[in-house]
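Worksheet: the structure to be examined is printed underneath.
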Amino acid sequence: MGRKLLFLGPPGAGKGTQAQQIAKLLGIPHISTGDMLRQAVADETELGMQAKAIMEAGDLVPDEIVTALVIERLSQPDAACGYLLDGYPRNAAQADTLAGTYGDDVIDTAVAVDVESEELVRRILQRAQEQGRADDTEDVIRNRLSVYREETEPLIEYYRVRDRVADVDGVGTIDEVFGRIVSALV
Ligand code: AMP
């Protein structure tokens with residue numbers, strides 16, 4: 001049986017990049033609700049239309065919407081032997097729904113990549129400047145961070161009491177952080 005991983009970390013911690021590479025290394029699907037939602041927005045589906053403004057503000061899309069996406073995705077054959085969840089669950093209600101639907105073993109390890117707030121804002125603003133991303137204004141970034149601290153960060157405790165957390169220091173080069181995650185997973 002493959003791994004059932006969850007990646008947790010604040011926006012700007014490099015979580016998405018790491019998640020993609022780890023999933024590739026382990027040969028499991030990388031399931032990112034952010035990617036799925038961005039695709040829906042790009043395709044202008046009904047779901048995408050509902051999610052667009054919420055995502056632009058850095059708020060969370062309603063639980064029912066993302067949960068339906070994830071349950072559908074986990075039913076695909078490639079997820080039968082493990083997966084890496086990136087961006088879901090993102091609050092306690094989603095974590096409860098996930099465990100209620102599939103049982104506590106739905107996640108074997110929650111990888112918590114940590115970077116402190118001021119460093120994150122600096123990184124995200126720099127990226128926004130380099131890529132000309134007007135959507136990443138400082139207000140939106142700060143809102144994303146506060147949503148993370150209030151809604152998502154408590155999940156680290158949720159999984160810690162279940163003895164499933166691997167803490168990883170997210171400060172360093174992509175390769176350094178990648179190495180730390182790999183070491184934490186063996
Ligand atoms: P991400 O790429 O994971 O940072 O996700 C981008 C945006 O998609 C977030 O800021 C949320 O608006 C939305 N989103 C992604 N995953 C979830 C989730 N599990 N619950 C609610 N909203 C989500």
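Within each chain, counting starts at residue 1; across the structure tokens, chains are named A, B, ... in the order shown, with ligands numbered 1 upward in that order.
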Legend entry - Spatial neighbours of stretch 105-119 of chain A, 6 Å, only C-alpha atoms, chain gap at least 2 places, as a list in words: Lys4, Leu5, Leu6, Phe7, Leu8, Gly9, Tyr102, Gly103, Val121, Arg122, Arg164, Val165, Ala166, Asp167, Val168, Asp169 and Gly170 of chain A
Legend entry - Shell of 10 Å around ligand 1 (only C-alpha atoms and all ligand atoms), written as a ChimeraX atom specification: /A:7-12,15-16,32-38,51-67,69-70,85-91,93-95,140-141,143-145,147-148,151-152
Could you write out the selected residues, including C-alpha atoms, as an mmCIF file, in the first residue's frame?
data_model
loop_
_atom_site.group_PDB
_atom_site.id
_atom_site.type_symbol
_atom_site.label_atom_id
_atom_site.label_comp_id
_atom_site.auth_asym_id
_atom_site.auth_seq_id
_atom_site.Cartn_x
_atom_site.Cartn_y
_atom_site.Cartn_z
ATOM 1 C CA PHE A 7 0.943 18.556 3.050
ATOM 2 C CA LEU A 8 0.254 21.451 5.391
ATOM 3 C CA GLY A 9 1.939 24.815 5.309
ATOM 4 C CA PRO A 10 1.316 28.522 4.957
ATOM 5 C CA PRO A 11 0.976 30.148 1.532
ATOM 6 C CA GLY A 12 4.440 30.939 0.205
ATOM 7 C CA LYS A 15 4.446 23.555 -0.266
ATOM 8 C CA GLY A 16 3.011 23.116 -3.771
ATOM 9 C CA SER A 32 -4.245 19.778 -5.126
ATOM 10 C CA THR A 33 -7.611 21.417 -4.509
ATOM 11 C CA GLY A 34 -6.059 24.798 -5.373
ATOM 12 C CA ASP A 35 -5.016 23.437 -8.814
ATOM 13 C CA MET A 36 -8.437 21.854 -9.351
ATOM 14 C CA LEU A 37 -10.195 25.097 -8.451
ATOM 15 C CA ARG A 38 -7.873 27.222 -10.614
ATOM 16 C CA ALA A 51 -15.083 30.069 -6.576
ATOM 17 C CA LYS A 52 -13.339 32.885 -8.462
ATOM 18 C CA ALA A 53 -14.039 35.933 -6.269
ATOM 19 C CA ILE A 54 -13.549 33.934 -3.078
ATOM 20 C CA MET A 55 -10.138 32.730 -4.232
ATOM 21 C CA GLU A 56 -9.111 36.206 -5.366
ATOM 22 C CA ALA A 57 -9.866 37.513 -1.873
ATOM 23 C CA GLY A 58 -7.793 34.721 -0.309
ATOM 24 C CA ASP A 59 -10.805 33.277 1.514
ATOM 25 C CA LEU A 60 -11.874 29.648 1.647
ATOM 26 C CA VAL A 61 -14.290 28.204 -0.898
ATOM 27 C CA PRO A 62 -17.305 26.546 0.829
ATOM 28 C CA ASP A 63 -16.554 23.137 2.325
ATOM 29 C CA GLU A 64 -19.282 21.316 0.307
ATOM 30 C CA ILE A 65 -17.701 22.397 -2.984
ATOM 31 C CA VAL A 66 -14.149 21.302 -2.218
ATOM 32 C CA THR A 67 -15.230 18.162 -0.397
ATOM 33 C CA LEU A 69 -14.186 17.646 -5.641
ATOM 34 C CA VAL A 70 -11.906 15.631 -3.359
ATOM 35 C CA LEU A 85 -3.315 15.666 -0.587
ATOM 36 C CA ASP A 86 -2.196 19.280 -1.030
ATOM 37 C CA GLY A 87 -4.592 21.953 0.230
ATOM 38 C CA TYR A 88 -7.286 19.647 1.601
ATOM 39 C CA PRO A 89 -8.366 19.382 4.381
ATOM 40 C CA ARG A 90 -7.908 23.053 5.173
ATOM 41 C CA ASN A 91 -10.047 23.401 8.284
ATOM 42 C CA ALA A 93 -14.727 20.577 9.427
ATOM 43 C CA GLN A 94 -13.027 19.248 6.274
ATOM 44 C CA ALA A 95 -10.706 17.037 8.336
ATOM 45 C CA VAL A 140 -4.727 39.623 -0.010
ATOM 46 C CA ILE A 141 -1.481 37.969 1.074
ATOM 47 C CA ASN A 143 -5.591 37.725 4.497
ATOM 48 C CA ARG A 144 -4.427 34.373 3.097
ATOM 49 C CA LEU A 145 -1.956 34.111 5.933
ATOM 50 C CA VAL A 147 -6.972 32.436 7.129
ATOM 51 C CA TYR A 148 -4.161 29.883 7.268
ATOM 52 C CA GLU A 151 -8.373 27.774 9.976
ATOM 53 C CA THR A 152 -5.612 25.517 8.740
#
Inset, instruction - Using only C-alpha atoms, determine which residues lie at most 8 Å from A:His30, disregarding the query and same-chain residues fewer than 5 positions distant; provide the list as an NGL selection string. - result: :A and (19-20 or 23-24 or 83-86)
Keeping only N, CA and C atoms, take the residues you just selected and write them out as a CSV table (one decimal), in the first residue's frame.
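Okay, result.csv is ready:
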chain,number,residue,atom,x,y,z
A,19,ALA,N,5.3,19.3,-2.8
A,19,ALA,CA,4.2,18.3,-2.9
A,19,ALA,C,4.3,17.6,-4.2
A,20,GLN,N,4.5,18.4,-5.3
A,20,GLN,CA,4.5,17.9,-6.6
A,20,GLN,C,5.7,16.9,-6.8
A,23,ALA,N,5.3,13.7,-4.7
A,23,ALA,CA,4.3,12.8,-5.3
A,23,ALA,C,5.0,12.0,-6.4
A,24,LYS,N,5.8,12.7,-7.2
A,24,LYS,CA,6.4,12.2,-8.4
A,24,LYS,C,7.4,11.1,-7.9
A,83,TYR,N,-1.8,8.5,-2.2
A,83,TYR,CA,-2.0,9.9,-2.8
A,83,TYR,C,-1.3,10.9,-1.9
A,84,LEU,N,-1.2,12.1,-2.5
A,84,LEU,CA,-0.7,13.2,-1.7
A,84,LEU,C,-1.7,14.3,-1.8
A,85,LEU,N,-2.3,14.6,-0.6
A,85,LEU,CA,-3.3,15.7,-0.6
A,85,LEU,C,-2.6,17.0,-0.3
A,86,ASP,N,-2.8,18.0,-1.2
A,86,ASP,CA,-2.2,19.3,-1.0
A,86,ASP,C,-3.3,20.3,-1.0
Legend entry - Coordinates-based distance that separates atom CA of A:Glu150 from atom CA of A:Glu138 (Å, one decimal):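 Calculated distance between atom CA of A:Glu138 and atom CA of A:Glu150 is 18.2 Å.
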Inset, instruction - Could you jot down the atom CA of A:Pro29 to atom CA of A:Gly172 separation for me, Å, one decimal place? - result: 25.6 Å
Inset, instruction - Please report, as a PyMOL selection string, each residue of stretch 22-168 of chain A to which DSSP assigns strand (DSSP E) when run on this structure's backbone. - result: chain A and resi 30-32+83-86+109-114+165-168
Inset, instruction - Grab the atom CA of A:Pro77 to atom CA of A:Ala42 distance for me, in Å with one decimal place. - result: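 Computing the Euclidean distance for atom CA of A:Pro77 and atom CA of A:Ala42 yields 25.5 Å.
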